[in-house]
Amino acid sequence: MYSSPSSSAEAARRAVAARLRDLMLDAGLNGQRLAARCGWHESKTSRILNARKAPSEDDIRAWCAACGADDQVPDLIATARAVDSMYMEWRRLHRSGLARTQQQSLDRYARTALLRVYASNVIPGFLQTPAYATALLNGITRFKGYADDVTEAVAARVARSRFLYEGGHRFVVVLEEAVLRHRIGDPAAMAGQLRHLITLMPLPSLSLGIIPFGAERAVWPLEAFYLFDASSCSVETLTAEISVTQPRELADYAKAFTELSQMAAHGDAARRLIADAIGVLG
């Protein structure tokens with residue numbers, strides 16, 4: 001069974017709690033005595049130890065001081081900050097607009113030699129046409145209530161496509177056939193997007209597979225995820241982008257991607273699926 005995409009963050013929070021517990025026990029303290037030294041209620045200590053409350057940086061400093069372990073403060077704070085970045089709400093990522101987030105992603109794509117993408121909902125951004133991207137980002141902006149910077153965001157998103165034509169980058173993409181049928185924008189925009197996929201397929205930097213509706217499932221449909229080399233995996237949910245970095249979970253996503261790819265149609269068979277979807281649009 002593959003792990004929940006939020007389990008990396010949850011495991012990291014528990015790891016911080018475990019380290020704080022070890023410091024408390026090594027100092028010969030219990031929860032009540034530690035709370036007294038820190039000047040807070042012992043229920044707060046209990047919530048931190050059970051990973052129900054993330055300790056603030058001041059909490060960590062007070063905890064370490066109470067345990068005579070001030071030398072542990074920098075490392076614990078760095079770990080706590082990393083945990084906070086694992087689960088990043090879209091509202092927080094996009095608080096200054098969609099465009100800035102799209103522009104920031106360019107650096108990550110530039111550093112990535114192999115990007116493996118599984119998409120069950122929409123066409124990945126670096127394969128999108130401006131019309132498709134505009135329709136999609138307009139919908140996101142409306143639903144989330146963001147400031148309207150869609151024009152700038154589309155330009156930044158479409159700019160990722162340049163990595164398809166530069167050396168040193170390889171993209172392996174697996175789409176569910178449903179992605180071809182979910183209409184984003186009007187029929188003309190959707191048909192243009194599908195024809196664009198066919199145009200991109202001969203590129204040596206791109207491998208595109210499509211899992212047909214009737215394929216026997218070795219792996220059930222999953223949330224969209226992006227594997228950046230072997231170092232991290234971004235999982236997209238309605239409310240957040242989850243960054244998976246735990247080796248065990250990265251191995252799970254890599255295994256899932258391999259099995260999903262084996263179920264997919266490639267080459268002429270994939271082109272026929274795209275052409276069928278265009279035909280439905282009229």
# chains A, B, ... in the order shown; residues from 1 in each chain; ligands from 1
$ residues_around --residues "Asp22 (chain A)" --least-positions-apart "6" --cutoff "12 Å" --atoms "only C-alpha atoms" --output "ChimeraX atom specification"
/A:15-16,28-31,49,63-64,67,69,72
$ select_by_dssp --residues "region 108-278 of chain A" --states "alpha helix (DSSP H)" --output "PyMOL selection string"
chain A and resi 108-111+130-144+150-159+177-181+187-200+247-263+267-278
$ residues_around --residues "Arg116 (chain A)" --least-positions-apart "4" --cutoff "8 Å" --atoms "only C-alpha atoms" --output "list in words"
Phe171, Val172, Val173, Tyr226, Leu227, Phe228, Asp229 and Phe257 of chain A
$ residues_around --residues "Thr45 (chain A)" --least-positions-apart "2" --cutoff "12 Å" --atoms "only C-alpha atoms" --output "ChimeraX atom specification"
/A:17,20-21,24,29-43,47-55,59-60,62-63
$ atom_distance --atom1 "CA of Arg162 (chain A)" --atom2 "CA of Arg272 (chain A)"
26.1 Å
$ residues_around --residues "region 129-135 of chain A" --least-positions-apart "6" --cutoff "6 Å" --atoms "only C-alpha atoms" --output "ChimeraX atom specification"
/A:154,185,189,193
$ residues_around --residues "region 203-212 of chain A" --least-positions-apart "5" --cutoff "6 Å" --atoms "only C-alpha atoms" --output "list of chain:residue names"
A:Leu164, A:Arg170, A:Phe171, A:Val172, A:Val173, A:Val174, A:Leu175, A:Glu176, A:Glu177, A:Met263, A:Ala264, A:Ala265, A:His266, A:Ala270
$ atom_distance --atom1 "CA of Met201 (chain A)" --atom2 "CA of Ser105 (chain A)"
23.2 Å
$ closest_residue --among "A:Ser234, A:Thr79, A:Ser161, A:Thr199" --to "Phe126 (chain A)" --atoms "only C-alpha atoms"
A:Ser161
$ closest_residue --among "A:Leu281, A:Ala159, A:Val117, A:Leu106" --to "Ala254 (chain A)" --atoms "only C-alpha atoms"
A:Val117
$ residues_around --residues "Arg217 (chain A)" --least-positions-apart "2" --cutoff "12 Å" --atoms "only C-alpha atoms" --output "ChimeraX atom specification"
/A:176,211-215,219-222,256,259-264
$ write_last_selection --atoms "all heavy atoms" --output "compact mmCIF listing (two decimals), in the first residue's frame"
# COMPACT_ATOMS: atom_id res chain seq x y z
N GLU A 176 -3.57 9.75 -17.38
CA GLU A 176 -4.78 8.95 -17.48
C GLU A 176 -5.56 9.43 -18.70
O GLU A 176 -5.54 10.63 -19.03
CB GLU A 176 -5.65 9.11 -16.22
CG GLU A 176 -5.02 8.60 -14.94
CD GLU A 176 -5.04 7.07 -14.83
OE1 GLU A 176 -5.69 6.41 -15.69
OE2 GLU A 176 -4.41 6.55 -13.89
N ILE A 211 -2.72 6.03 -20.12
CA ILE A 211 -3.36 4.83 -19.60
C ILE A 211 -4.81 4.81 -20.08
O ILE A 211 -5.61 5.66 -19.70
CB ILE A 211 -3.32 4.80 -18.06
CG1 ILE A 211 -1.86 4.84 -17.56
CG2 ILE A 211 -4.02 3.55 -17.53
CD1 ILE A 211 -1.73 4.94 -16.05
N PRO A 212 -5.17 3.85 -20.94
CA PRO A 212 -6.54 3.82 -21.48
C PRO A 212 -7.58 3.52 -20.40
O PRO A 212 -7.29 2.90 -19.38
CB PRO A 212 -6.49 2.69 -22.52
CG PRO A 212 -5.04 2.44 -22.76
CD PRO A 212 -4.34 2.79 -21.49
N PHE A 213 -8.80 3.96 -20.66
CA PHE A 213 -9.90 3.69 -19.73
C PHE A 213 -10.01 2.19 -19.42
O PHE A 213 -10.28 1.80 -18.30
CB PHE A 213 -11.23 4.17 -20.32
CG PHE A 213 -11.42 5.66 -20.23
CD1 PHE A 213 -11.79 6.38 -21.35
CD2 PHE A 213 -11.26 6.34 -19.04
CE1 PHE A 213 -12.00 7.76 -21.28
CE2 PHE A 213 -11.45 7.71 -18.95
CZ PHE A 213 -11.81 8.42 -20.08
N GLY A 214 -9.83 1.35 -20.42
CA GLY A 214 -10.06 -0.07 -20.24
C GLY A 214 -8.87 -0.86 -19.75
O GLY A 214 -8.94 -2.09 -19.68
N ALA A 215 -7.77 -0.18 -19.39
CA ALA A 215 -6.58 -0.90 -18.95
C ALA A 215 -6.83 -1.61 -17.62
O ALA A 215 -7.50 -1.07 -16.73
CB ALA A 215 -5.40 0.06 -18.80
N VAL A 219 -2.08 -0.52 -10.57
CA VAL A 219 -2.08 0.56 -9.58
C VAL A 219 -3.32 1.40 -9.85
O VAL A 219 -3.61 1.75 -10.99
CB VAL A 219 -0.81 1.44 -9.70
CG1 VAL A 219 -0.87 2.59 -8.70
CG2 VAL A 219 0.45 0.61 -9.47
N TRP A 220 -4.04 1.69 -8.82
CA TRP A 220 -5.27 2.48 -8.93
C TRP A 220 -4.93 3.93 -9.29
O TRP A 220 -3.80 4.38 -9.11
CB TRP A 220 -6.02 2.43 -7.60
CG TRP A 220 -5.17 2.85 -6.43
CD1 TRP A 220 -5.14 4.08 -5.84
CD2 TRP A 220 -4.22 2.04 -5.72
NE1 TRP A 220 -4.22 4.10 -4.81
CE2 TRP A 220 -3.64 2.87 -4.72
CE3 TRP A 220 -3.78 0.72 -5.83
CZ2 TRP A 220 -2.66 2.40 -3.85
CZ3 TRP A 220 -2.81 0.26 -4.95
CH2 TRP A 220 -2.26 1.10 -3.98
N PRO A 221 -5.89 4.72 -9.79
CA PRO A 221 -5.62 6.14 -10.07
C PRO A 221 -5.19 6.87 -8.80
O PRO A 221 -5.79 6.73 -7.74
CB PRO A 221 -6.97 6.66 -10.59
CG PRO A 221 -7.64 5.44 -11.14
CD PRO A 221 -7.24 4.31 -10.23
N LEU A 222 -4.14 7.65 -8.93
CA LEU A 222 -3.56 8.37 -7.79
C LEU A 222 -3.68 9.87 -7.99
O LEU A 222 -4.07 10.34 -9.06
CB LEU A 222 -2.08 7.99 -7.62
CG LEU A 222 -1.75 6.52 -7.41
CD1 LEU A 222 -0.24 6.31 -7.45
CD2 LEU A 222 -2.32 6.03 -6.09
N ALA A 256 5.46 3.22 -8.05
CA ALA A 256 4.13 3.48 -8.60
C ALA A 256 4.24 4.01 -10.02
O ALA A 256 3.49 3.60 -10.92
CB ALA A 256 3.37 4.47 -7.72
N GLU A 259 5.05 1.22 -12.52
CA GLU A 259 3.91 0.35 -12.80
C GLU A 259 2.83 1.08 -13.60
O GLU A 259 2.20 0.49 -14.50
CB GLU A 259 3.34 -0.21 -11.50
CG GLU A 259 4.32 -1.12 -10.77
CD GLU A 259 3.69 -1.93 -9.66
OE1 GLU A 259 2.44 -2.02 -9.62
OE2 GLU A 259 4.43 -2.48 -8.83
N LEU A 260 2.62 2.35 -13.32
CA LEU A 260 1.66 3.12 -14.11
C LEU A 260 2.12 3.25 -15.56
O LEU A 260 1.33 3.15 -16.50
CB LEU A 260 1.47 4.51 -13.49
CG LEU A 260 0.70 4.54 -12.15
CD1 LEU A 260 0.96 5.85 -11.42
CD2 LEU A 260 -0.79 4.34 -12.38
N SER A 261 3.42 3.46 -15.73
CA SER A 261 3.97 3.59 -17.08
C SER A 261 3.81 2.30 -17.87
O SER A 261 3.56 2.32 -19.08
CB SER A 261 5.46 3.98 -17.00
OG SER A 261 6.00 4.20 -18.27
N GLN A 262 3.94 1.17 -17.19
CA GLN A 262 3.79 -0.12 -17.87
C GLN A 262 2.35 -0.36 -18.34
O GLN A 262 2.13 -1.15 -19.26
CB GLN A 262 4.25 -1.24 -16.94
CG GLN A 262 5.76 -1.25 -16.71
CD GLN A 262 6.19 -2.20 -15.61
OE1 GLN A 262 5.36 -2.74 -14.86
NE2 GLN A 262 7.49 -2.40 -15.46
N MET A 263 1.39 0.29 -17.71
CA MET A 263 0.00 0.15 -18.12
C MET A 263 -0.36 1.07 -19.27
O MET A 263 -1.43 0.95 -19.86
CB MET A 263 -0.93 0.46 -16.93
CG MET A 263 -0.77 -0.50 -15.76
SD MET A 263 -2.01 -0.25 -14.46
CE MET A 263 -1.86 1.47 -14.11
N ALA A 264 0.51 2.04 -19.58
CA ALA A 264 0.18 3.08 -20.54
C ALA A 264 0.44 2.66 -21.97
O ALA A 264 1.31 1.84 -22.26
CB ALA A 264 1.00 4.34 -20.22
